[in-house]
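See below for final28.pdb, which holds PDB, C-alpha atoms (C1' of nucleotides).
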```pdb
ATOM      1  CA  MET A   1      -5.767  15.786  19.385
ATOM      2  CA  LYS A   2      -2.155  15.631  18.283
ATOM      3  CA  ILE A   3      -0.768  17.868  15.561
ATOM      4  CA  GLY A   4       2.242  17.115  13.421
ATOM      5  CA  TYR A   5       4.219  17.955  10.307
ATOM      6  CA  VAL A   6       6.213  16.146   7.645
ATOM      7  CA  SER A   7       9.820  14.935   7.510
ATOM      8  CA  THR A   8      12.039  17.798   8.594
ATOM      9  CA  ASN A   9      12.260  20.929  10.685
ATOM     10  CA  ARG A  10      13.522  23.665   8.419
ATOM     11  CA  SER A  11      14.805  25.862  11.228
ATOM     12  CA  LEU A  12      16.708  23.081  13.003
ATOM     13  CA  CYS A  13      18.476  20.536  10.778
ATOM     14  CA  LYS A  14      17.840  18.289   7.809
ATOM     15  CA  ALA A  15      16.386  14.878   8.634
ATOM     16  CA  ASP A  16      15.643  13.932   5.011
ATOM     17  CA  SER A  17      18.948  14.322   3.192
ATOM     18  CA  THR A  18      19.623  11.856   0.433
ATOM     19  CA  VAL A  19      22.447  10.946  -1.954
ATOM     20  CA  LYS A  20      22.628  10.084  -5.615
ATOM     21  CA  LEU A  21      22.718   6.440  -6.588
ATOM     22  CA  ASP A  22      26.321   6.591  -7.774
ATOM     23  CA  HIS A  23      27.402   7.857  -4.342
ATOM     24  CA  LEU A  24      26.063   5.019  -2.221
ATOM     25  CA  GLU A  25      29.295   5.069  -0.215
ATOM     26  CA  ARG A  26      27.930   8.215   1.419
ATOM     27  CA  VAL A  27      24.771   6.533   2.705
ATOM     28  CA  LYS A  28      26.138   5.665   6.119
ATOM     29  CA  GLY A  29      27.126   9.239   6.884
ATOM     30  CA  VAL A  30      23.845  10.626   5.627
ATOM     31  CA  ALA A  31      21.757   8.053   7.510
ATOM     32  CA  ASN A  32      23.649   8.865  10.671
ATOM     33  CA  SER A  33      23.124  12.576  10.254
ATOM     34  CA  ASN A  34      19.421  12.091   9.380
ATOM     35  CA  LEU A  35      18.808  10.025  12.517
ATOM     36  CA  GLU A  36      20.707  12.439  14.781
ATOM     37  CA  CYS A  37      18.623  15.238  13.322
ATOM     38  CA  LEU A  38      15.408  13.247  13.668
ATOM     39  CA  LYS A  39      16.098  12.794  17.361
ATOM     40  CA  ARG A  40      16.773  16.504  17.872
ATOM     41  CA  THR A  41      13.649  17.336  15.892
ATOM     42  CA  LEU A  42      11.433  15.059  17.969
ATOM     43  CA  GLU A  43      12.789  16.607  21.166
ATOM     44  CA  TRP A  44      12.203  20.104  19.793
ATOM     45  CA  ASN A  45       8.690  19.087  18.777
ATOM     46  CA  VAL A  46       7.821  17.849  22.247
ATOM     47  CA  GLU A  47       8.979  21.167  23.722
ATOM     48  CA  HIS A  48       6.493  22.830  21.387
ATOM     49  CA  ASP A  49       3.578  20.439  22.004
ATOM     50  CA  ILE A  50       3.919  18.841  18.583
ATOM     51  CA  LEU A  51       3.271  15.166  19.303
ATOM     52  CA  PHE A  52       2.673  13.729  15.841
ATOM     53  CA  PHE A  53       5.424  13.361  13.235
ATOM     54  CA  ARG A  54       5.882  11.843   9.802
ATOM     55  CA  ILE A  55       9.351  10.325   9.524
ATOM     56  CA  SER A  56      10.944  10.844   6.119
ATOM     57  CA  SER A  57      11.234   7.875   3.760
ATOM     58  CA  ASN A  58      14.728   9.244   3.005
ATOM     59  CA  THR A  59      15.931   8.525   6.538
ATOM     60  CA  ILE A  60      18.060   5.680   5.181
ATOM     61  CA  PRO A  61      18.501   6.658   1.517
ATOM     62  CA  PHE A  62      18.096   3.794  -0.975
ATOM     63  CA  ALA A  63      17.467   1.360   1.878
ATOM     64  CA  SER A  64      15.445  -0.984  -0.346
ATOM     65  CA  HIS A  65      17.471  -0.533  -3.525
ATOM     66  CA  PRO A  66      19.036  -3.686  -5.052
ATOM     67  CA  LYS A  67      22.419  -1.924  -5.273
ATOM     68  CA  MET A  68      22.424  -1.143  -1.563
ATOM     69  CA  THR A  69      25.130  -3.063   0.304
ATOM     70  CA  PHE A  70      25.234  -1.082   3.553
ATOM     71  CA  ASP A  71      23.723  -3.226   6.320
ATOM     72  CA  TRP A  72      21.697  -0.426   7.839
ATOM     73  CA  ARG A  73      19.592  -2.745  10.013
ATOM     74  CA  LYS A  74      22.736  -3.747  11.870
ATOM     75  CA  GLU A  75      24.808  -0.573  11.627
ATOM     76  CA  MET A  76      22.047   1.852  12.575
ATOM     77  CA  ARG A  77      20.481  -0.269  15.289
ATOM     78  CA  GLY A  78      21.856   1.737  18.229
ATOM     79  CA  LEU A  79      20.759   5.091  16.890
ATOM     80  CA  LEU A  80      17.363   3.729  15.854
ATOM     81  CA  GLU A  81      16.815   2.498  19.394
ATOM     82  CA  GLU A  82      17.748   5.923  20.770
ATOM     83  CA  VAL A  83      15.211   7.608  18.509
ATOM     84  CA  GLY A  84      12.604   5.025  19.455
ATOM     85  CA  GLU A  85      13.190   5.726  23.115
ATOM     86  CA  VAL A  86      12.329   9.408  22.637
ATOM     87  CA  ILE A  87       9.193   8.471  20.721
ATOM     88  CA  ARG A  88       7.952   6.027  23.369
ATOM     89  CA  GLU A  89       8.884   8.160  26.341
ATOM     90  CA  LYS A  90       7.056  11.204  24.983
ATOM     91  CA  SER A  91       4.157   9.253  23.434
ATOM     92  CA  ILE A  92       4.768  10.741  20.011
ATOM     93  CA  ARG A  93       2.549   9.385  17.255
ATOM     94  CA  ILE A  94       4.441   8.377  14.121
ATOM     95  CA  SER A  95       3.580   7.882  10.482
ATOM     96  CA  MET A  96       5.565   7.316   7.301
ATOM     97  CA  HIS A  97       4.503   7.827   3.693
ATOM     98  CA  PRO A  98       6.382   6.063   0.872
ATOM     99  CA  GLY A  99       6.351   7.977  -2.403
ATOM    100  CA  GLN A 100       4.518   7.677  -5.689
ATOM    101  CA  TYR A 101       6.673   4.823  -6.950
ATOM    102  CA  THR A 102       5.406   2.446  -4.306
ATOM    103  CA  VAL A 103       2.453   0.847  -6.090
ATOM    104  CA  LEU A 104       1.315  -2.273  -4.307
ATOM    105  CA  ASN A 105      -1.440  -2.983  -6.828
ATOM    106  CA  SER A 106       0.560  -2.483 -10.020
ATOM    107  CA  GLU A 107      -0.089  -4.897 -12.873
ATOM    108  CA  ARG A 108       3.664  -5.311 -13.244
ATOM    109  CA  GLY A 109       5.190  -7.970 -11.042
ATOM    110  CA  GLU A 110       8.569  -6.228 -10.714
ATOM    111  CA  VAL A 111       6.858  -3.045  -9.544
ATOM    112  CA  VAL A 112       4.931  -4.989  -6.910
ATOM    113  CA  ARG A 113       8.135  -6.695  -5.762
ATOM    114  CA  SER A 114      10.107  -3.468  -5.417
ATOM    115  CA  SER A 115       7.118  -1.845  -3.702
ATOM    116  CA  ILE A 116       7.025  -4.642  -1.153
ATOM    117  CA  GLU A 117      10.775  -4.230  -0.528
ATOM    118  CA  GLU A 118      10.262  -0.512   0.010
ATOM    119  CA  LEU A 119       7.373  -1.161   2.405
ATOM    120  CA  LYS A 120       9.452  -3.717   4.298
ATOM    121  CA  TYR A 121      12.155  -1.081   4.783
ATOM    122  CA  HIS A 122       9.595   1.238   6.369
ATOM    123  CA  ALA A 123       8.238  -1.502   8.647
ATOM    124  CA  ASP A 124      11.727  -2.640   9.658
ATOM    125  CA  LEU A 125      12.778   0.907  10.462
ATOM    126  CA  LEU A 126       9.818   1.287  12.823
ATOM    127  CA  ASP A 127      10.336  -2.206  14.262
ATOM    128  CA  LEU A 128      13.979  -1.429  15.040
ATOM    129  CA  MET A 129      12.901   1.763  16.772
ATOM    130  CA  GLY A 130      10.453  -0.319  18.738
ATOM    131  CA  VAL A 131       7.563   2.034  18.123
ATOM    132  CA  GLU A 132       4.035   1.910  16.847
ATOM    133  CA  GLY A 133       3.631   3.853  13.655
ATOM    134  CA  LYS A 134       1.643   3.607  10.480
ATOM    135  CA  ILE A 135       2.818   3.360   6.898
ATOM    136  CA  GLN A 136       0.523   5.263   4.649
ATOM    137  CA  ILE A 137       0.109   4.599   0.923
ATOM    138  CA  HIS A 138      -2.386   5.284  -1.831
ATOM    139  CA  VAL A 139      -4.420   2.497  -3.423
ATOM    140  CA  GLY A 140      -2.386   3.037  -6.594
ATOM    141  CA  SER A 141      -3.096   1.932 -10.118
ATOM    142  CA  SER A 142      -6.597   1.866 -11.581
ATOM    143  CA  LYS A 143      -5.708  -0.153 -14.683
ATOM    144  CA  GLY A 144      -8.779  -2.180 -15.637
ATOM    145  CA  GLY A 145     -10.987   0.048 -13.492
ATOM    146  CA  LYS A 146     -11.143   0.876  -9.817
ATOM    147  CA  GLU A 147     -12.777  -2.399  -8.814
ATOM    148  CA  GLU A 148      -9.956  -4.298 -10.452
ATOM    149  CA  GLY A 149      -7.415  -2.010  -8.788
ATOM    150  CA  VAL A 150      -8.903  -2.665  -5.368
ATOM    151  CA  ARG A 151      -8.977  -6.396  -6.081
ATOM    152  CA  ARG A 152      -5.257  -6.402  -6.922
ATOM    153  CA  PHE A 153      -4.515  -4.381  -3.796
ATOM    154  CA  VAL A 154      -6.329  -6.860  -1.570
ATOM    155  CA  GLU A 155      -4.669  -9.799  -3.291
ATOM    156  CA  ASN A 156      -1.150  -8.363  -2.970
ATOM    157  CA  PHE A 157      -1.799  -7.284   0.606
ATOM    158  CA  SER A 158      -2.068 -10.946   1.519
ATOM    159  CA  LEU A 159       1.552 -11.426   0.350
ATOM    160  CA  LEU A 160       2.917  -9.020   2.955
ATOM    161  CA  PRO A 161       4.589 -10.109   6.189
ATOM    162  CA  GLU A 162       2.513  -9.618   9.299
ATOM    163  CA  ASN A 163       4.668  -6.817  10.787
ATOM    164  CA  LEU A 164       3.894  -4.843   7.640
ATOM    165  CA  ARG A 165       0.201  -5.698   7.330
ATOM    166  CA  ASN A 166      -0.320  -4.376  10.856
ATOM    167  CA  ARG A 167       1.242  -1.049   9.978
ATOM    168  CA  LEU A 168      -0.302  -0.331   6.587
ATOM    169  CA  VAL A 169      -2.996   2.306   6.157
ATOM    170  CA  VAL A 170      -4.519   3.637   2.960
ATOM    171  CA  GLU A 171      -5.229   7.241   2.000
ATOM    172  CA  ASN A 172      -7.832   8.688  -0.362
ATOM    173  CA  ASP A 173      -6.236  10.428  -3.342
ATOM    174  CA  ASP A 174      -7.151  13.496  -5.353
ATOM    175  CA  ARG A 175      -7.770  11.868  -8.734
ATOM    176  CA  VAL A 176      -8.940   8.264  -8.545
ATOM    177  CA  TYR A 177      -9.705   6.525  -5.264
ATOM    178  CA  THR A 178     -12.218   8.285  -3.001
ATOM    179  CA  VAL A 179     -12.956   7.583   0.651
ATOM    180  CA  ARG A 180     -15.691   5.156  -0.404
ATOM    181  CA  ASP A 181     -13.247   3.319  -2.656
ATOM    182  CA  CYS A 182     -10.842   3.094   0.277
ATOM    183  CA  LEU A 183     -13.666   1.550   2.310
ATOM    184  CA  GLU A 184     -13.686  -1.289  -0.220
ATOM    185  CA  VAL A 185      -9.984  -1.782   0.514
ATOM    186  CA  TRP A 186     -10.746  -1.784   4.222
ATOM    187  CA  ARG A 187     -13.443  -4.445   3.718
ATOM    188  CA  GLY A 188     -10.919  -6.645   1.940
ATOM    189  CA  THR A 189      -7.945  -6.064   4.228
ATOM    190  CA  GLY A 190      -9.079  -4.486   7.492
ATOM    191  CA  ILE A 191      -6.562  -1.656   7.163
ATOM    192  CA  PRO A 192      -7.567   1.815   8.428
ATOM    193  CA  ILE A 193      -8.182   4.791   6.171
ATOM    194  CA  VAL A 194      -6.349   8.108   6.455
ATOM    195  CA  LEU A 195      -8.675  10.881   5.359
ATOM    196  CA  ASP A 196      -6.985  13.702   3.446
ATOM    197  CA  ASN A 197      -9.190  16.789   3.518
ATOM    198  CA  LEU A 198      -7.777  18.431   0.371
ATOM    199  CA  HIS A 199      -7.975  15.235  -1.681
ATOM    200  CA  HIS A 200     -11.517  14.736  -0.412
ATOM    201  CA  SER A 201     -12.523  18.216  -1.524
ATOM    202  CA  LEU A 202     -11.197  17.432  -5.029
ATOM    203  CA  ASN A 203     -12.396  13.814  -5.346
ATOM    204  CA  ASN A 204     -15.429  12.540  -3.449
ATOM    205  CA  ASP A 205     -18.801  10.857  -3.749
ATOM    206  CA  GLY A 206     -20.809  13.753  -2.434
ATOM    207  CA  GLU A 207     -20.088  13.459   1.299
ATOM    208  CA  SER A 208     -19.133  16.424   3.422
ATOM    209  CA  LEU A 209     -15.800  16.249   5.225
ATOM    210  CA  GLU A 210     -17.639  15.501   8.451
ATOM    211  CA  GLU A 211     -19.518  12.615   6.838
ATOM    212  CA  ALA A 212     -16.304  11.260   5.350
ATOM    213  CA  LEU A 213     -14.648  11.355   8.759
ATOM    214  CA  ASP A 214     -17.582   9.426  10.237
ATOM    215  CA  LEU A 215     -17.138   6.815   7.501
ATOM    216  CA  VAL A 216     -13.428   6.277   8.163
ATOM    217  CA  ARG A 217     -13.624   6.427  11.956
ATOM    218  CA  GLY A 218     -14.930   2.875  12.102
ATOM    219  CA  THR A 219     -11.808   1.593  10.352
ATOM    220  CA  TRP A 220      -9.585   2.694  13.269
ATOM    221  CA  ARG A 221      -9.238   1.049  16.648
ATOM    222  CA  GLY A 222      -8.053   4.266  18.285
ATOM    223  CA  THR A 223      -7.875   7.869  17.155
ATOM    224  CA  PRO A 224      -7.946   8.273  13.368
ATOM    225  CA  MET A 225      -5.121  10.030  11.529
ATOM    226  CA  MET A 226      -5.973  12.761   9.071
ATOM    227  CA  ASP A 227      -3.862  14.659   6.562
ATOM    228  CA  TYR A 228      -4.594  18.345   6.457
ATOM    229  CA  SER A 229      -3.682  20.869   3.830
ATOM    230  CA  SER A 230      -5.319  23.673   1.975
ATOM    231  CA  GLN A 231      -5.122  24.758  -1.623
ATOM    232  CA  GLU A 232      -2.451  27.357  -2.429
ATOM    233  CA  PRO A 233      -4.428  30.355  -3.724
ATOM    234  CA  GLY A 234      -4.007  30.945  -7.460
ATOM    235  CA  GLU A 235      -2.141  27.683  -8.026
ATOM    236  CA  ARG A 236      -3.072  24.549  -9.953
ATOM    237  CA  ARG A 237      -5.592  22.351  -8.178
ATOM    238  CA  GLY A 238      -4.091  20.133  -5.509
ATOM    239  CA  VAL A 239      -1.034  22.296  -4.867
ATOM    240  CA  HIS A 240      -0.397  22.444  -1.145
ATOM    241  CA  ALA A 241      -0.454  25.811   0.582
ATOM    242  CA  SER A 242       2.900  27.410   1.327
ATOM    243  CA  THR A 243       1.756  28.352   4.815
ATOM    244  CA  LEU A 244      -1.203  27.603   7.068
ATOM    245  CA  SER A 245      -4.263  29.742   6.471
ATOM    246  CA  GLU A 246      -5.483  30.404  10.010
ATOM    247  CA  THR A 247      -9.052  31.005   8.858
ATOM    248  CA  ASP A 248      -9.183  27.739   6.916
ATOM    249  CA  PHE A 249      -7.680  25.799   9.806
ATOM    250  CA  ARG A 250     -10.150  27.252  12.315
ATOM    251  CA  ASP A 251     -13.016  26.260  10.012
ATOM    252  CA  PHE A 252     -11.519  22.775   9.742
ATOM    253  CA  LEU A 253     -11.242  22.386  13.527
ATOM    254  CA  LYS A 254     -14.862  23.418  13.934
ATOM    255  CA  VAL A 255     -15.850  20.376  11.868
ATOM    256  CA  VAL A 256     -13.512  17.640  13.116
ATOM    257  CA  LYS A 257     -12.987  16.160  16.541
ATOM    258  CA  ASP A 258     -11.109  13.213  18.049
ATOM    259  CA  VAL A 259      -8.510  12.967  15.288
ATOM    260  CA  ASP A 260      -4.767  13.477  15.025
ATOM    261  CA  VAL A 261      -3.839  15.920  12.298
ATOM    262  CA  MET A 262      -0.797  15.727  10.015
ATOM    263  CA  LEU A 263      -0.128  19.066   8.318
ATOM    264  CA  GLU A 264       1.046  18.805   4.719
ATOM    265  CA  ILE A 265       2.124  22.403   4.458
ATOM    266  CA  LYS A 266       5.315  23.567   2.859
ATOM    267  CA  ASP A 267       6.706  25.619   5.728
ATOM    268  CA  LYS A 268       6.392  22.611   8.053
ATOM    269  CA  GLU A 269       7.182  23.454  11.685
ATOM    270  CA  ALA A 270       6.238  27.113  11.239
ATOM    271  CA  SER A 271       2.677  26.115  10.346
ATOM    272  CA  ALA A 272       2.653  23.428  13.029
ATOM    273  CA  LEU A 273       3.371  26.065  15.674
ATOM    274  CA  LYS A 274       0.484  28.165  14.370
ATOM    275  CA  ALA A 275      -1.815  25.127  14.282
ATOM    276  CA  VAL A 276      -0.969  24.151  17.859
ATOM    277  CA  ARG A 277      -1.672  27.698  19.049
ATOM    278  CA  ILE A 278      -5.051  27.745  17.270
ATOM    279  CA  ALA A 279      -5.984  24.282  18.546
ATOM    280  CA  LYS A 280      -5.202  25.389  22.098
ATOM    281  CA  GLU A 281      -7.312  28.507  21.693
ATOM    282  CA  MET A 282     -10.191  26.310  20.517
ATOM    283  CA  ASN A 283      -9.635  23.837  23.366
ATOM    284  CA  LYS A 284      -8.843  21.044  20.948
ATOM    285  CA  ILE A 285      -5.603  20.315  22.774
ATOM    286  CA  LYS A 286      -4.741  21.102  26.336
ATOM    287  CA  SER A 287      -2.189  23.766  27.252
ATOM    288  CA  PHE A 288       0.820  22.644  29.249
TER     289      PHE A 288
ATOM    290  C1'  DG B   1      28.944  30.691  -2.869
ATOM    291  C1'  DT B   2      25.887  30.206  -6.624
ATOM    292  C1'  DG B   3      23.729  28.336 -10.747
ATOM    293  C1'  DC B   4      21.696  24.780 -12.888
ATOM    294  C1'  DG B   5      21.541  20.041 -15.062
ATOM    295  C1'  DT B   6      20.050  16.073 -13.328
ATOM    296  C1'  DC B   7      17.959  12.594 -10.383
ATOM    297  C1'  DA B   8      15.807   5.218  -8.847
ATOM    298  C1'  DA B   9      11.489   4.409  -9.340
ATOM    299  C1'  DG B  10       5.129   4.487 -11.785
ATOM    300  C1'  DA B  11       0.835   5.649 -13.803
ATOM    301  C1'  DC B  12      -1.741   8.000 -16.814
ATOM    302  C1'  DA B  13      -3.488  11.336 -20.371
ATOM    303  C1'  DC B  14      -2.768  12.748 -24.676
ATOM    304  C1'  DA B  15      -0.671  13.509 -29.256
TER     305       DA B  15
ATOM    306  C1'  DT C   1       5.139   4.908 -29.118
ATOM    307  C1'  DG C   2       6.769   8.976 -27.099
ATOM    308  C1'  DT C   3       6.200  12.994 -24.114
ATOM    309  C1'  DG C   4       4.637  15.675 -20.321
ATOM    310  C1'  DT C   5       2.646  15.880 -15.773
ATOM    311  C1'  DC C   6       2.027  14.708 -11.146
ATOM    312  C1'  DT C   7       5.119  17.015  -7.148
ATOM    313  C1'  DT C   8       8.892  18.788  -5.213
ATOM    314  C1'  DG C   9      12.661  19.564  -4.309
ATOM    315  C1'  DA C  10      17.553  18.689  -3.553
ATOM    316  C1'  DC C  11      22.056  16.686  -4.935
ATOM    317  C1'  DG C  12      26.341  17.811  -6.435
ATOM    318  C1'  DC C  13      29.298  19.249 -10.184
ATOM    319  C1'  DA C  14      31.044  23.248 -12.611
ATOM    320  C1'  DC C  15      32.378  27.657 -12.328
TER     321       DC C  15
END
```
Please express the file's structure as structure tokens.
Amino acid sequence: MKIGYVSTNRSLCKADSTVKLDHLERVKGVANSNLECLKRTLEWNVEHDILFFRISSNTIPFASHPKMTFDWRKEMRGLLEEVGEVIREKSIRISMHPGQYTVLNSERGEVVRSSIEELKYHADLLDLMGVEGKIQIHVGSSKGGKEEGVRRFVENFSLLPENLRNRLVVENDDRVYTVRDCLEVWRGTGIPIVLDNLHHSLNNDGESLEEALDLVRGTWRGTPMMDYSSQEPGERRGVHASTLSETDFRDFLKVVKDVDVMLEIKDKEASALKAVRIAKEMNKIKSF
DNA sequence: GTGCGTCAAGACACA
DNA sequence: TGTGTCTTGACGCAC
């Protein structure tokens, strides 16, 4: 089992800085600083037995934007290779997660086109690093019903270049598409399913978490990825916890096995350190 | 150094 | 048709 966290290490440096659109001239500097920080973060993570990481979509801000003129694929190549070397050498598992505006199955052609450009940026970034790594998105729109939404997803998936199709994975969401709906996507595309425990608790077809994990396991060739978070007490439903609840996480680890776990918790590396300690205590990962 | 108005983008519920 | 919410800050200007 590998444990990871999202985007940036708050105690180290910022790997997810961005700029505003009218300051695109700053992108090069920010991208450079993000990648330097990403490298430091990955090295820090390895020292702390954190071997799973979600790279920020902001790494190269506005990379897929039509106004972008900076040739990041060329200019950042050297640094991307350096980061990739760390990832390969230390066998770090990598994911990325484009935001809510990436809607592959939108009814609107221009939204689909810009979504594909955004996905290509993610795939190219990982290609240039020379690493494996999955790009995780939600099914998206449910206009016309879920069946229709899945149909559009499968149809648009076939438009994607191969280097992207091989990296795409789909995640159950907290409002519309359940794990079983994602299985329909898998049947049409063959892409694996990332199970999110909090979304599953809010939106499911009656399966326990353990049953849901059994369902998605068959969509992966190797170890499945899972997203883990817990509900922030007293907050609106779906709000991620500010820090890891040790009790909740122990209960979670009692149920799951043979998965890699991405923590979606606001205090990031602080919770990851706690999670690694707990997982070691429960013999879910070996101590070094 | 701090406060706060604003930020690229989609989808959907609701008035 | 317009507005608010999701989510979640963080940029960056004004002071």
Next item on the list: Within 8 Å of range 277-287 of chain A, counting all atoms listed in the file, which residues show up once you throw out same-chain ones fewer than 2 positions away? Write them as a PyMOL selection string, please.
Entry: chain A and resi 1-2+246+250+253+257+273-275
Next item on the list: Evaluate the PyMOL selection byres ((chain C) within 9 of (chain A)) here and jot the selected residues down as a list in words.
Entry: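 This file gives the following for the PyMOL selection byres ((chain C) within 9 of (chain A)): DT7, DA10, DC11 and DG12 of chain C.
Here CA of Gly29 in chain A and C1' of DA14 in chain C stand 24.3 Å from one another.
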Counting all atoms listed in the file, a student should be able to say which residues of chain A come within 9 Å of chain B; what is the right answer, written as a PDB file with C-alpha atoms, in the coordinates of the input?
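Just written: selection.pdb:
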```pdb
ATOM      1  CA  LYS A  20      22.628  10.084  -5.615  1.00  0.00           C
ATOM      2  CA  LEU A  21      22.718   6.440  -6.588  1.00  0.00           C
ATOM      3  CA  PHE A  62      18.096   3.794  -0.975  1.00  0.00           C
ATOM      4  CA  HIS A  65      17.471  -0.533  -3.525  1.00  0.00           C
ATOM      5  CA  GLN A 100       4.518   7.677  -5.689  1.00  0.00           C
ATOM      6  CA  TYR A 101       6.673   4.823  -6.950  1.00  0.00           C
ATOM      7  CA  THR A 102       5.406   2.446  -4.306  1.00  0.00           C
ATOM      8  CA  VAL A 103       2.453   0.847  -6.090  1.00  0.00           C
ATOM      9  CA  SER A 106       0.560  -2.483 -10.020  1.00  0.00           C
ATOM     10  CA  VAL A 111       6.858  -3.045  -9.544  1.00  0.00           C
ATOM     11  CA  SER A 114      10.107  -3.468  -5.417  1.00  0.00           C
ATOM     12  CA  GLY A 140      -2.386   3.037  -6.594  1.00  0.00           C
ATOM     13  CA  SER A 141      -3.096   1.932 -10.118  1.00  0.00           C
ATOM     14  CA  SER A 142      -6.597   1.866 -11.581  1.00  0.00           C
ATOM     15  CA  LYS A 143      -5.708  -0.153 -14.683  1.00  0.00           C
TER      16      LYS A 143
END
```
Next item on the list: Can you pull out every residue within 12 Å of Arg73 in chain A, counting all atoms listed in the file, but drop anything in the same chain fewer than 3 positions away, and send it as a list in words?
Entry: Lys28, Ala31, Ile60, Ala63, Ser64, Thr69, Phe70, Met76, Arg77, Gly78, Leu79, Leu80, Glu81, Lys120, Tyr121, His122, Ala123, Asp124, Leu125, Leu126, Asp127, Leu128 and Met129 of chain A
Enclose all atoms of range 2-14 of chain C listed in the file in an axis-aligned box, grow every side by 8 Å, and hand back centre and edge lengths in Å to one decimal, as JSON.
```
{"center_x": 16.5, "center_y": 16.1, "center_z": -15.3, "size_x": 45.0, "size_y": 30.3, "size_z": 39.5}
```
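A straight line drawn from CA of Asn9 in chain A to CA of Leu209 in chain A is 29.0 Å long.
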Next item on the list: Tell me which residues the PyMOL selection byres ((chain A and resi 10) around 10) grabs here, as a VMD selection string.
Entry: chain A and resid 7 to 9 11 to 15 41 266 to 270
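What separates CA of Arg175 in chain A from CA of Ser229 in chain A is a distance of 16.0 Å.
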Note to self: I need the residue nearest Phe52 in chain A from this list: A:Ala241, A:Val150, A:Cys37, A:Met96. Use only C-alpha atoms for the distance.
What the structure shows: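 Of all the options, A:Met96 lies closest to Phe52 in chain A.
Compared by their closest atoms to Leu159 in chain A, and using all atoms listed in the file, the residues A:Leu104, A:Arg221, A:Val256, A:Ala212 rank with A:Leu104 nearest.
Close to (-7.2, 8.9, 13.6), meaning no more than 9 Å away when counting all atoms listed in the file, sit the residues Pro192, Ile193, Val194, Leu195, Val216, Arg217, Trp220, Arg221, Gly222, Thr223, Pro224, Met225, Met226, Asp258, Val259, Asp260 and Val261 of chain A.
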